[in-house]
Amino acid sequence: MSIRHLIVPEDLTAAEIEAVFAISRDLQEKFAAGRRDALLPGRVLALVFEKQSLRTRVSFQAAMTHLGGASLFLGADTGFASSRESIADFGRVLSEYVDAIVCRTKAHATIERLAEVSSVPVINGLSDEAHPCQAMADIYTLRQEVGRVNGLTMAFVGDGNNVARSLAVVCGLLGMRFVLAAPQRYQFDAAFRRHLAKILPAAAIDETTDPVAAVKDAAVVYTDVWTSMGQESERQERLAAFAPYQVNAALMAHCPSALFMHCLPARRGEEVTDEVIDGDRSVVVTQAANRMHVQKGLIAWLLGHA
Ligand code: CP
Ligand code: NVA
């Protein structure tokens, strides 16, 4: 089997995402029954992170332990993407020691370069442009909650960021409608829109500046922070621009049966109120829990050990 990477969600086809989900479901059911099948004994996963993380880091490390393998967390002291050594030397050498690499980068080009030079699968654990593991776990969660995803609408109210982009792609692949409600300048850029039109010509991916119009008919309302990691200097202008886009009880009243999702971490009182994120319709903790189950399926699939 040739090496496969997951840098952006469209690196997988819809059928491949379903194959990953099938393994994830099986492993999740066994886990719930107290079984931790050692599918990957002796396998090693490296986690190379340029930014902070709770969920991505711990869910991958716990997943590897449950599967009978091991994981190594590599933070700033390994000198990744610094003047210490080239990404090519780093990736080629690391590939000699481990079976797969999860990487969280600032620039998207950094993880693309790492994948180019690595001889083991590279999984994007978030870059400035994509968060494919998050989007896959979220759609897996939605299907568990609603029973299906095909034909449903996700309204993403907030920044057209890494998480929004990956959700748009996974929704498009799996037959969902995706609508982004954001101020014009924070909607998807022209290059990404052209890319979407090319890879998903039939997908229903819309954008609007009107959050109320976006959430009408939505099965799920999603939001994420207005200021992502690395954008801290833009915080004040973003707070002002996104103020009309807060997901609060008044907005959720326009879609009384919609669920609420957030990838976390959340800035409570900014993009979402306590009332919504802690309310009956919020599935944020389930989303976070499913990161681990879906990533187990993903690692097993990528390593051909399903
Ligand atoms: N949602 C998510 O990726 O969380 P972390 O930044 O804590 O990994
Ligand atoms: N958009 C956020 C997601 C964090 C999981 C960020 O990039 O900081």
# chains A, B, ... in the order shown; residues from 1 in each chain; ligands from 1
>>> residues_near_ligand(ligand="ligand 2", cutoff="9 Å", atoms="only C-alpha atoms and all ligand atoms", output="ChimeraX atom specification")
/A:51-56,106,126-131,134,159,161-164,224-231,263-266
>>> write_last_selection(atoms="N, CA and C atoms", output="compact mmCIF listing (two decimals), in the first residue's frame")
# COMPACT_ATOMS: atom_id res chain seq x y z
N LYS A 51 2.21 24.77 17.93
CA LYS A 51 1.23 25.60 18.65
C LYS A 51 0.66 24.79 19.81
N GLN A 52 -0.02 25.48 20.71
CA GLN A 52 -0.63 24.82 21.87
C GLN A 52 -1.73 23.84 21.43
N SER A 53 -2.01 22.87 22.31
CA SER A 53 -3.10 21.92 22.05
C SER A 53 -3.45 21.16 23.32
N LEU A 54 -4.72 20.92 23.53
CA LEU A 54 -5.17 19.95 24.53
C LEU A 54 -5.74 18.74 23.80
N ARG A 55 -6.86 18.98 23.09
CA ARG A 55 -7.63 17.88 22.49
C ARG A 55 -6.82 17.07 21.48
N THR A 56 -6.19 17.74 20.53
CA THR A 56 -5.52 17.02 19.44
C THR A 56 -4.38 16.18 20.01
N LYS A 106 2.15 26.38 12.06
CA LYS A 106 1.66 27.74 11.81
C LYS A 106 1.32 27.82 10.32
N LEU A 126 -3.83 20.44 12.61
CA LEU A 126 -4.22 21.86 12.48
C LEU A 126 -3.06 22.64 11.88
N SER A 127 -3.44 23.38 10.83
CA SER A 127 -2.54 24.38 10.25
C SER A 127 -3.37 25.65 10.09
N ASP A 128 -2.76 26.69 9.58
CA ASP A 128 -3.53 27.92 9.38
C ASP A 128 -4.65 27.74 8.37
N GLU A 129 -4.57 26.71 7.54
CA GLU A 129 -5.59 26.53 6.51
C GLU A 129 -6.55 25.37 6.71
N ALA A 130 -6.20 24.41 7.55
CA ALA A 130 -7.05 23.22 7.63
C ALA A 130 -6.98 22.54 8.99
N HIS A 131 -8.08 21.86 9.33
CA HIS A 131 -8.12 21.05 10.55
C HIS A 131 -8.96 19.80 10.23
N GLN A 134 -10.49 17.45 12.99
CA GLN A 134 -11.62 18.08 13.68
C GLN A 134 -12.90 17.94 12.84
N ASP A 159 -15.73 33.12 11.89
CA ASP A 159 -14.60 33.33 10.98
C ASP A 159 -14.48 32.20 9.94
N ASN A 161 -12.28 30.35 8.87
CA ASN A 161 -10.91 29.96 9.22
C ASN A 161 -10.61 28.49 8.86
N ASN A 162 -9.52 27.98 9.40
CA ASN A 162 -9.09 26.59 9.18
C ASN A 162 -10.21 25.58 9.45
N VAL A 163 -10.91 25.76 10.57
CA VAL A 163 -11.97 24.81 10.94
C VAL A 163 -13.14 24.93 9.96
N ALA A 164 -13.54 26.17 9.65
CA ALA A 164 -14.65 26.38 8.71
C ALA A 164 -14.33 25.78 7.34
N ASP A 224 -16.52 28.99 16.05
CA ASP A 224 -15.14 28.83 16.53
C ASP A 224 -14.67 30.22 16.96
N VAL A 225 -13.53 30.28 17.59
CA VAL A 225 -13.01 31.58 18.05
C VAL A 225 -12.92 32.57 16.89
N TRP A 226 -13.04 33.84 17.24
CA TRP A 226 -12.92 34.89 16.21
C TRP A 226 -11.45 35.21 15.94
N THR A 227 -10.60 34.93 16.93
CA THR A 227 -9.18 35.20 16.77
C THR A 227 -8.44 33.88 16.99
N SER A 228 -7.95 33.30 15.91
CA SER A 228 -7.25 32.02 16.01
C SER A 228 -5.82 32.21 16.51
N MET A 229 -5.20 31.09 16.87
CA MET A 229 -3.79 31.14 17.30
C MET A 229 -2.94 31.77 16.20
N GLY A 230 -2.14 32.74 16.56
CA GLY A 230 -1.30 33.43 15.59
C GLY A 230 -1.88 34.75 15.11
N GLN A 231 -3.17 35.00 15.42
CA GLN A 231 -3.83 36.24 14.94
C GLN A 231 -4.03 37.24 16.08
N CYS A 263 -15.49 23.59 18.13
CA CYS A 263 -14.33 22.69 18.18
C CYS A 263 -13.59 22.79 19.52
N LEU A 264 -13.77 23.92 20.23
CA LEU A 264 -13.04 24.21 21.47
C LEU A 264 -11.55 24.36 21.16
N PRO A 265 -10.80 25.18 21.87
CA PRO A 265 -11.24 25.97 23.03
C PRO A 265 -12.14 27.13 22.61
N ALA A 266 -13.07 27.50 23.53
CA ALA A 266 -14.02 28.58 23.27
C ALA A 266 -13.65 29.81 24.07
>>> residues_around(residues="His262 of chain A", least_positions_apart="3", cutoff="12 Å", atoms="only C-alpha atoms", output="ChimeraX atom specification")
/A:134-135,137-138,141,155-158,163-164,167,220-226,247,259,265-268,271-273,276-278,281-288
>>> atom_distance(atom1="atom CA of Ala115 of chain A", atom2="atom CA of Ala70 of chain A")
20.9 Å
>>> atom_distance(atom1="atom CA of Ser257 of chain A", atom2="atom CA of Asp217 of chain A")
9.1 Å
>>> select_by_dssp(residues="segment 264-297 of chain A", states="alpha helix (DSSP H)", output="list in words")
Asp274, Glu275, Val276, Ile277, Val284, Val285, Thr286, Gln287, Ala288, Ala289, Asn290, Arg291, Met292, His293, Val294, Gln295, Lys296 and Gly297 of chain A
>>> write_last_selection(atoms="N, CA, C and O atoms", output="PDB file, in the first residue's frame")
ATOM      1  N   ASP A 274     -22.426  31.440  27.437  1.00  0.00           N
ATOM      2  CA  ASP A 274     -22.498  30.281  28.348  1.00  0.00           C
ATOM      3  C   ASP A 274     -23.811  29.528  28.157  1.00  0.00           C
ATOM      4  O   ASP A 274     -23.841  28.302  28.144  1.00  0.00           O
ATOM      5  N   GLU A 275     -24.874  30.299  28.009  1.00  0.00           N
ATOM      6  CA  GLU A 275     -26.206  29.705  27.896  1.00  0.00           C
ATOM      7  C   GLU A 275     -26.280  28.718  26.729  1.00  0.00           C
ATOM      8  O   GLU A 275     -26.874  27.639  26.838  1.00  0.00           O
ATOM      9  N   VAL A 276     -25.654  29.046  25.605  1.00  0.00           N
ATOM     10  CA  VAL A 276     -25.694  28.158  24.440  1.00  0.00           C
ATOM     11  C   VAL A 276     -24.703  27.016  24.586  1.00  0.00           C
ATOM     12  O   VAL A 276     -25.049  25.848  24.398  1.00  0.00           O
ATOM     13  N   ILE A 277     -23.478  27.314  24.958  1.00  0.00           N
ATOM     14  CA  ILE A 277     -22.464  26.243  24.979  1.00  0.00           C
ATOM     15  C   ILE A 277     -22.733  25.246  26.102  1.00  0.00           C
ATOM     16  O   ILE A 277     -22.375  24.071  25.999  1.00  0.00           O
ATOM     17  N   VAL A 284     -20.639  19.847  22.469  1.00  0.00           N
ATOM     18  CA  VAL A 284     -19.208  20.153  22.346  1.00  0.00           C
ATOM     19  C   VAL A 284     -18.302  19.105  23.005  1.00  0.00           C
ATOM     20  O   VAL A 284     -17.216  18.815  22.493  1.00  0.00           O
ATOM     21  N   VAL A 285     -18.756  18.540  24.121  1.00  0.00           N
ATOM     22  CA  VAL A 285     -17.899  17.548  24.796  1.00  0.00           C
ATOM     23  C   VAL A 285     -17.900  16.235  24.007  1.00  0.00           C
ATOM     24  O   VAL A 285     -16.860  15.561  23.894  1.00  0.00           O
ATOM     25  N   THR A 286     -19.036  15.893  23.424  1.00  0.00           N
ATOM     26  CA  THR A 286     -19.099  14.690  22.580  1.00  0.00           C
ATOM     27  C   THR A 286     -18.184  14.845  21.369  1.00  0.00           C
ATOM     28  O   THR A 286     -17.487  13.900  20.975  1.00  0.00           O
ATOM     29  N   GLN A 287     -18.187  16.040  20.768  1.00  0.00           N
ATOM     30  CA  GLN A 287     -17.269  16.302  19.641  1.00  0.00           C
ATOM     31  C   GLN A 287     -15.824  16.042  20.073  1.00  0.00           C
ATOM     32  O   GLN A 287     -15.056  15.394  19.359  1.00  0.00           O
ATOM     33  N   ALA A 288     -15.457  16.585  21.212  1.00  0.00           N
ATOM     34  CA  ALA A 288     -14.070  16.434  21.682  1.00  0.00           C
ATOM     35  C   ALA A 288     -13.758  14.957  21.952  1.00  0.00           C
ATOM     36  O   ALA A 288     -12.685  14.456  21.590  1.00  0.00           O
ATOM     37  N   ALA A 289     -14.720  14.244  22.557  1.00  0.00           N
ATOM     38  CA  ALA A 289     -14.510  12.819  22.842  1.00  0.00           C
ATOM     39  C   ALA A 289     -14.332  12.033  21.546  1.00  0.00           C
ATOM     40  O   ALA A 289     -13.480  11.138  21.444  1.00  0.00           O
ATOM     41  N   ASN A 290     -15.122  12.397  20.544  1.00  0.00           N
ATOM     42  CA  ASN A 290     -15.065  11.662  19.272  1.00  0.00           C
ATOM     43  C   ASN A 290     -13.785  11.920  18.496  1.00  0.00           C
ATOM     44  O   ASN A 290     -13.451  11.152  17.578  1.00  0.00           O
ATOM     45  N   ARG A 291     -13.057  12.983  18.818  1.00  0.00           N
ATOM     46  CA  ARG A 291     -11.754  13.168  18.189  1.00  0.00           C
ATOM     47  C   ARG A 291     -10.927  11.892  18.340  1.00  0.00           C
ATOM     48  O   ARG A 291     -10.293  11.415  17.401  1.00  0.00           O
ATOM     49  N   MET A 292     -10.929  11.356  19.558  1.00  0.00           N
ATOM     50  CA  MET A 292     -10.108  10.166  19.830  1.00  0.00           C
ATOM     51  C   MET A 292     -10.609   8.956  19.032  1.00  0.00           C
ATOM     52  O   MET A 292      -9.808   8.225  18.436  1.00  0.00           O
ATOM     53  N   HIS A 293     -11.909   8.748  19.013  1.00  0.00           N
ATOM     54  CA  HIS A 293     -12.435   7.565  18.324  1.00  0.00           C
ATOM     55  C   HIS A 293     -12.183   7.646  16.811  1.00  0.00           C
ATOM     56  O   HIS A 293     -11.779   6.668  16.186  1.00  0.00           O
ATOM     57  N   VAL A 294     -12.424   8.820  16.242  1.00  0.00           N
ATOM     58  CA  VAL A 294     -12.245   8.964  14.791  1.00  0.00           C
ATOM     59  C   VAL A 294     -10.756   8.860  14.435  1.00  0.00           C
ATOM     60  O   VAL A 294     -10.383   8.250  13.427  1.00  0.00           O
ATOM     61  N   GLN A 295      -9.897   9.423  15.247  1.00  0.00           N
ATOM     62  CA  GLN A 295      -8.458   9.353  14.952  1.00  0.00           C
ATOM     63  C   GLN A 295      -7.919   7.929  15.101  1.00  0.00           C
ATOM     64  O   GLN A 295      -6.985   7.553  14.388  1.00  0.00           O
ATOM     65  N   LYS A 296      -8.529   7.127  15.977  1.00  0.00           N
ATOM     66  CA  LYS A 296      -8.143   5.708  16.021  1.00  0.00           C
ATOM     67  C   LYS A 296      -8.439   5.057  14.672  1.00  0.00           C
ATOM     68  O   LYS A 296      -7.602   4.337  14.116  1.00  0.00           O
ATOM     69  N   GLY A 297      -9.632   5.317  14.159  1.00  0.00           N
ATOM     70  CA  GLY A 297      -9.985   4.769  12.850  1.00  0.00           C
ATOM     71  C   GLY A 297      -9.035   5.258  11.770  1.00  0.00           C
ATOM     72  O   GLY A 297      -8.599   4.497  10.902  1.00  0.00           O
TER      73      GLY A 297
END
>>> closest_residue(among="A:Ala19, A:Ala240, A:Ala100, A:Val212", to="Leu40 of chain A", atoms="only C-alpha atoms")
A:Ala100
